[in-house]
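**Q** Next up, final_28.cif (mmCIF, C-alpha atoms and all ligand atoms).
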```cif
data_upload
loop_
_atom_site.group_PDB
_atom_site.id
_atom_site.type_symbol
_atom_site.label_atom_id
_atom_site.label_comp_id
_atom_site.auth_asym_id
_atom_site.auth_seq_id
_atom_site.Cartn_x
_atom_site.Cartn_y
_atom_site.Cartn_z
ATOM 1 C CA MET A 26 80.535 75.743 18.430
ATOM 2 C CA THR A 27 80.083 73.993 15.073
ATOM 3 C CA ILE A 28 77.017 71.874 14.340
ATOM 4 C CA PHE A 29 77.185 69.203 11.624
ATOM 5 C CA LEU A 30 73.938 67.824 10.195
ATOM 6 C CA ILE A 31 74.295 64.443 8.542
ATOM 7 C CA GLY A 32 71.898 62.041 6.850
ATOM 8 C CA PHE A 33 70.799 60.556 3.545
ATOM 9 C CA MET A 34 69.919 62.684 0.500
ATOM 10 C CA ALA A 35 66.558 64.461 0.945
ATOM 11 C CA SER A 36 66.505 64.081 4.712
ATOM 12 C CA GLY A 37 66.076 67.854 5.060
ATOM 13 C CA LYS A 38 69.614 68.745 6.164
ATOM 14 C CA SER A 39 69.738 72.044 4.260
ATOM 15 C CA SER A 40 66.286 73.402 5.066
ATOM 16 C CA ILE A 41 66.510 72.321 8.706
ATOM 17 C CA GLY A 42 70.076 73.658 8.915
ATOM 18 C CA ARG A 43 68.978 77.072 7.653
ATOM 19 C CA LYS A 44 66.167 77.283 10.220
ATOM 20 C CA LEU A 45 68.429 76.037 13.009
ATOM 21 C CA ALA A 46 71.117 78.607 12.184
ATOM 22 C CA ASN A 47 68.457 81.289 12.252
ATOM 23 C CA ARG A 48 67.201 80.168 15.650
ATOM 24 C CA LEU A 49 70.705 79.970 17.130
ATOM 25 C CA GLN A 50 71.865 83.167 15.379
ATOM 26 C CA TYR A 51 74.647 81.115 13.786
ATOM 27 C CA GLN A 52 76.115 81.251 10.299
ATOM 28 C CA PHE A 53 74.783 78.579 7.907
ATOM 29 C CA VAL A 54 76.928 76.670 5.390
ATOM 30 C CA ASP A 55 75.645 74.082 2.927
ATOM 31 C CA LEU A 56 78.683 71.944 2.082
ATOM 32 C CA ASP A 57 77.475 71.163 -1.468
ATOM 33 C CA ASP A 58 76.950 74.882 -2.191
ATOM 34 C CA PHE A 59 80.397 75.636 -0.749
ATOM 35 C CA ILE A 60 81.949 73.011 -3.065
ATOM 36 C CA GLU A 61 80.059 74.303 -6.117
ATOM 37 C CA GLU A 62 81.297 77.823 -5.438
ATOM 38 C CA LYS A 63 84.866 76.708 -4.760
ATOM 39 C CA ILE A 64 85.137 74.565 -7.915
ATOM 40 C CA GLY A 65 82.871 76.717 -10.083
ATOM 41 C CA LEU A 66 80.773 73.755 -11.244
ATOM 42 C CA PRO A 67 77.488 72.144 -10.167
ATOM 43 C CA ILE A 68 77.923 68.890 -8.176
ATOM 44 C CA SER A 69 76.505 66.862 -11.085
ATOM 45 C CA GLU A 70 79.201 68.252 -13.400
ATOM 46 C CA ILE A 71 81.958 67.615 -10.870
ATOM 47 C CA PHE A 72 80.830 63.962 -10.808
ATOM 48 C CA ALA A 73 80.562 63.805 -14.604
ATOM 49 C CA GLU A 74 83.853 65.561 -15.388
ATOM 50 C CA LYS A 75 86.126 64.497 -12.533
ATOM 51 C CA GLY A 76 84.452 61.343 -11.165
ATOM 52 C CA GLU A 77 83.202 60.439 -7.694
ATOM 53 C CA GLU A 78 86.634 59.804 -6.187
ATOM 54 C CA ALA A 79 87.794 63.323 -7.055
ATOM 55 C CA PHE A 80 84.526 64.700 -5.669
ATOM 56 C CA ARG A 81 85.086 62.872 -2.362
ATOM 57 C CA LYS A 82 88.575 64.387 -2.020
ATOM 58 C CA ILE A 83 87.223 67.873 -2.696
ATOM 59 C CA GLU A 84 84.424 67.165 -0.219
ATOM 60 C CA GLN A 85 86.879 66.131 2.517
ATOM 61 C CA GLN A 86 89.057 69.222 1.985
ATOM 62 C CA SER A 87 86.000 71.463 1.986
ATOM 63 C CA LEU A 88 84.660 69.858 5.168
ATOM 64 C CA GLN A 89 87.958 70.581 6.887
ATOM 65 C CA GLN A 90 87.838 74.173 5.658
ATOM 66 C CA VAL A 91 84.314 74.939 6.879
ATOM 67 C CA GLY A 92 84.821 72.774 9.971
ATOM 68 C CA GLN A 93 87.086 75.555 11.290
ATOM 69 C CA TYR A 94 84.232 78.069 11.360
ATOM 70 C CA GLN A 95 82.812 78.877 14.773
ATOM 71 C CA ASN A 96 79.136 79.397 15.591
ATOM 72 C CA THR A 97 78.137 77.696 12.374
ATOM 73 C CA VAL A 98 75.576 75.108 11.298
ATOM 74 C CA ILE A 99 76.912 72.954 8.448
ATOM 75 C CA SER A 100 74.632 70.750 6.381
ATOM 76 C CA THR A 101 76.783 68.042 4.834
ATOM 77 C CA GLY A 102 76.171 65.892 1.728
ATOM 78 C CA GLY A 103 74.536 62.477 2.108
ATOM 79 C CA GLY A 104 77.864 60.713 1.560
ATOM 80 C CA THR A 105 80.108 63.030 3.591
ATOM 81 C CA PRO A 106 80.273 60.978 6.836
ATOM 82 C CA CYS A 107 80.878 57.751 4.902
ATOM 83 C CA PHE A 108 84.273 58.590 3.372
ATOM 84 C CA TYR A 109 87.756 58.788 4.883
ATOM 85 C CA ASP A 110 87.690 59.801 8.546
ATOM 86 C CA ASN A 111 85.063 62.491 7.974
ATOM 87 C CA ILE A 112 82.706 61.342 10.733
ATOM 88 C CA ALA A 113 85.569 61.248 13.254
ATOM 89 C CA TYR A 114 86.609 64.717 12.072
ATOM 90 C CA MET A 115 83.097 66.069 12.659
ATOM 91 C CA ASN A 116 82.848 64.473 16.088
ATOM 92 C CA GLU A 117 86.178 65.985 17.084
ATOM 93 C CA HIS A 118 85.452 69.456 15.742
ATOM 94 C CA GLY A 119 81.836 69.969 16.736
ATOM 95 C CA GLN A 120 78.537 68.251 17.440
ATOM 96 C CA SER A 121 77.002 65.909 14.908
ATOM 97 C CA PHE A 122 73.299 65.160 14.449
ATOM 98 C CA PHE A 123 71.926 62.380 12.246
ATOM 99 C CA LEU A 124 68.554 63.296 10.748
ATOM 100 C CA LYS A 125 67.080 59.826 10.419
ATOM 101 C CA ASN A 126 64.131 59.001 8.190
ATOM 102 C CA LYS A 127 62.611 56.021 6.408
ATOM 103 C CA PRO A 128 63.901 55.048 2.927
ATOM 104 C CA GLU A 129 60.269 55.171 1.649
ATOM 105 C CA ILE A 130 59.931 58.836 2.675
ATOM 106 C CA LEU A 131 63.342 59.711 1.233
ATOM 107 C CA CYS A 132 62.331 57.955 -1.987
ATOM 108 C CA SER A 133 59.128 59.967 -2.479
ATOM 109 C CA ARG A 134 61.041 63.195 -1.896
ATOM 110 C CA LEU A 135 63.892 62.147 -4.183
ATOM 111 C CA LEU A 136 61.526 61.313 -7.025
ATOM 112 C CA GLU A 137 60.683 65.036 -7.103
ATOM 113 C CA GLN A 138 64.218 66.330 -6.605
ATOM 114 C CA LYS A 139 66.593 63.880 -8.221
ATOM 115 C CA ASP A 140 67.758 65.774 -11.310
ATOM 116 C CA HIS A 141 70.660 67.640 -9.683
ATOM 117 C CA ARG A 142 71.717 64.571 -7.675
ATOM 118 C CA PRO A 143 74.140 62.475 -9.745
ATOM 119 C CA LEU A 144 73.720 59.261 -7.716
ATOM 120 C CA VAL A 145 69.967 59.022 -8.322
ATOM 121 C CA SER A 146 69.212 61.075 -11.437
ATOM 122 C CA LYS A 147 69.196 58.017 -13.735
ATOM 123 C CA PHE A 148 66.296 56.251 -11.973
ATOM 124 C CA GLU A 149 62.961 56.574 -13.754
ATOM 125 C CA GLU A 150 60.951 53.907 -11.917
ATOM 126 C CA LYS A 151 60.043 54.395 -8.275
ATOM 127 C CA SER A 152 60.697 50.712 -7.507
ATOM 128 C CA ASP A 153 64.256 50.911 -8.904
ATOM 129 C CA LEU A 154 64.943 54.097 -6.980
ATOM 130 C CA LEU A 155 63.620 52.590 -3.748
ATOM 131 C CA ALA A 156 65.769 49.463 -4.152
ATOM 132 C CA PHE A 157 68.849 51.648 -4.702
ATOM 133 C CA ILE A 158 68.034 53.857 -1.697
ATOM 134 C CA LYS A 159 67.443 50.898 0.651
ATOM 135 C CA ASP A 160 70.733 49.341 -0.329
ATOM 136 C CA LYS A 161 72.757 52.572 -0.048
ATOM 137 C CA TYR A 162 70.981 53.583 3.159
ATOM 138 C CA ASN A 163 71.800 50.264 4.857
ATOM 139 C CA SER A 164 75.436 50.441 3.842
ATOM 140 C CA ARG A 165 75.685 54.020 5.149
ATOM 141 C CA LEU A 166 73.807 53.505 8.405
ATOM 142 C CA PRO A 167 76.887 52.381 10.402
ATOM 143 C CA PHE A 168 78.496 55.748 9.564
ATOM 144 C CA TYR A 169 75.399 57.858 10.212
ATOM 145 C CA GLU A 170 74.924 56.088 13.547
ATOM 146 C CA GLN A 171 78.302 57.376 14.727
ATOM 147 C CA ALA A 172 76.705 60.815 15.086
ATOM 148 C CA GLN A 173 76.598 62.119 18.629
ATOM 149 C CA VAL A 174 72.826 62.536 18.440
ATOM 150 C CA ILE A 175 70.422 60.424 16.372
ATOM 151 C CA LEU A 176 67.177 62.239 15.691
ATOM 152 C CA ASP A 177 64.234 60.272 14.413
ATOM 153 C CA CYS A 178 62.579 62.701 11.993
ATOM 154 C CA TYR A 179 59.850 60.392 10.715
ATOM 155 C CA GLY A 180 56.468 62.139 10.812
ATOM 156 C CA LYS A 181 57.845 65.270 12.485
ATOM 157 C CA ASP A 182 57.601 68.771 11.097
ATOM 158 C CA LYS A 183 60.726 70.838 10.565
ATOM 159 C CA ARG A 184 59.930 73.264 13.380
ATOM 160 C CA ASN A 185 59.911 70.421 15.929
ATOM 161 C CA ILE A 186 63.095 68.925 14.534
ATOM 162 C CA VAL A 187 64.848 72.292 14.879
ATOM 163 C CA LYS A 188 63.583 72.542 18.457
ATOM 164 C CA GLU A 189 64.836 69.030 19.264
ATOM 165 C CA ILE A 190 68.282 69.784 17.847
ATOM 166 C CA SER A 191 68.502 73.019 19.866
ATOM 167 C CA GLU A 192 67.632 71.040 22.993
ATOM 168 C CA GLY A 193 70.137 68.313 22.034
ATOM 169 C CA ILE A 194 72.892 70.921 21.755
ATOM 170 C CA LYS A 195 72.205 72.122 25.279
ATOM 171 C CA LYS A 196 72.310 68.575 26.628
ATOM 172 C CA ILE A 197 75.660 67.583 25.172
ATOM 173 C CA SER A 198 77.491 70.913 25.502
HETATM 174 C C1 LIG B 1 75.528 62.702 -2.219
HETATM 175 C C2 LIG B 1 74.619 63.602 -1.714
HETATM 176 C C3 LIG B 1 74.494 64.977 -2.216
HETATM 177 C C4 LIG B 1 75.812 65.451 -2.856
HETATM 178 C C5 LIG B 1 76.285 64.452 -3.875
HETATM 179 C C6 LIG B 1 76.506 63.060 -3.287
HETATM 180 C C7 LIG B 1 75.586 61.338 -1.652
HETATM 181 O O1 LIG B 1 74.126 65.848 -1.153
HETATM 182 O O2 LIG B 1 76.808 65.644 -1.881
HETATM 183 O O3 LIG B 1 75.318 64.422 -4.883
HETATM 184 O O4 LIG B 1 76.605 60.640 -1.832
HETATM 185 O O5 LIG B 1 74.606 60.928 -0.971
HETATM 186 P P1 LIG B 1 72.611 65.894 -0.530
HETATM 187 O O6 LIG B 1 72.571 64.892 0.595
HETATM 188 O O7 LIG B 1 72.516 67.293 -0.031
HETATM 189 O O8 LIG B 1 71.672 65.587 -1.633
#
```
Let me see whether you can do it: turn the structure in this file into structure tokens.
Ligand code: S3P

**A**
Amino acid sequence: MTIFLIGFMASGKSSIGRKLANRLQYQFVDLDDFIEEKIGLPISEIFAEKGEEAFRKIEQQSLQQVGQYQNTVISTGGGTPCFYDNIAYMNEHGQSFFLKNKPEILCSRLLEQKDHRPLVSKFEEKSDLLAFIKDKYNSRLPFYEQAQVILDCYGKDKRNIVKEISEGIKKIS
């Protein structure tokens, strides 16, 4: 069984994925970390040196590499399901969960953690960042909503989200 966590930047995919893997006694893979190790560069430098299109190709190949692993929780990047046939790939090779949250919440988190994220690092003003997030979020929603399970994470703590995902796995397996 392979579990794919999808959702916008700062929706908690990595921290929730780590806890979930621990609970299920599964291996955990963060797709961005996998890419950084494979290419030998931080994501921000891959964007800067090779461009976004090259990053998306590397991301797709990496997804298909880690997608072969069994008993694994994979936290994907915020854009992963929105390029090529990646969402279809995930739905065919495992179970996908969309960690849904409000753009306002994602914005406050991203203000604190934007420096290593090339798509948002340039925003200084909260209002500019929020406008960008709302726009990107709305254009990505049709992809995120193709997940097999949509989990509303607004106002929930991570422990409960992990519990809900574990229960969701039982229901659809
Ligand atoms: C991206 C999200 C990032 C990373 C890259 C692009 C995106 O992952 O893959 O910076 O397009 O939303 P996180 O969602 O883990 O920040």

**Q** Quick one: distance from CA of Arg142 (chain A) to CA of Phe59 (chain A) in Å, one decimal?

**A**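 Spanning CA of Arg142 (chain A) to CA of Phe59 (chain A) is a straight-line distance of 15.7 Å.
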
**Q** Let me have the centre and edge lengths of the axis-aligned box enclosing all listed atoms of ligand LIG 1 (chain B) with 6 Å padding on every side, in Å to one decimal, as AutoDock Vina command-line options.

**A**
```
--center_x 74.2 --center_y 64.0 --center_z -2.1 --size_x 17.1 --size_y 18.7 --size_z 17.5
```

**Q** Given the PyMOL selection byres (((not hetatm)) within 8 of (chain B and resi 1)) and the file above, list the residues it selects as a PyMOL selection string.

**A** chain A and resi 32-36+38-39+56-57+68-69+84+100-105+141-144

**Q** So that I can see what lies close to Lys161 (chain A), please list as a ChimeraX atom specification the residues with an atom at most 12 Å from it, counting only C-alpha atoms and leaving out residues fewer than 2 positions away in the same chain.

**A** /A:32-34,103-104,107,128,131-132,144-145,154-159,163-169

**Q** Counting all atoms listed in the file, figure out which residue out of A:Gln50, A:Ser146, A:Thr27, A:Ser121 gets nearest to Gln93 (chain A).

**A** A:Thr27

**Q** Find the distance between CA of Gly92 (chain A) and CA of Asn126 (chain A) and write it in Å to one decimal.

**A**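 Between CA of Gly92 (chain A) and CA of Asn126 (chain A) the gap works out to 24.9 Å.
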
**Q** Suppose a student applies the PyMOL selection byres (((chain A and resi 109-120) around 10) and not hetatm) to this structure; what residues should they get, written as number ranges by chain?

**A** A: 26-31, 81-82, 84-86, 88-89, 92-98, 104-108, 121-122, 168-174, 193-194, 197-198
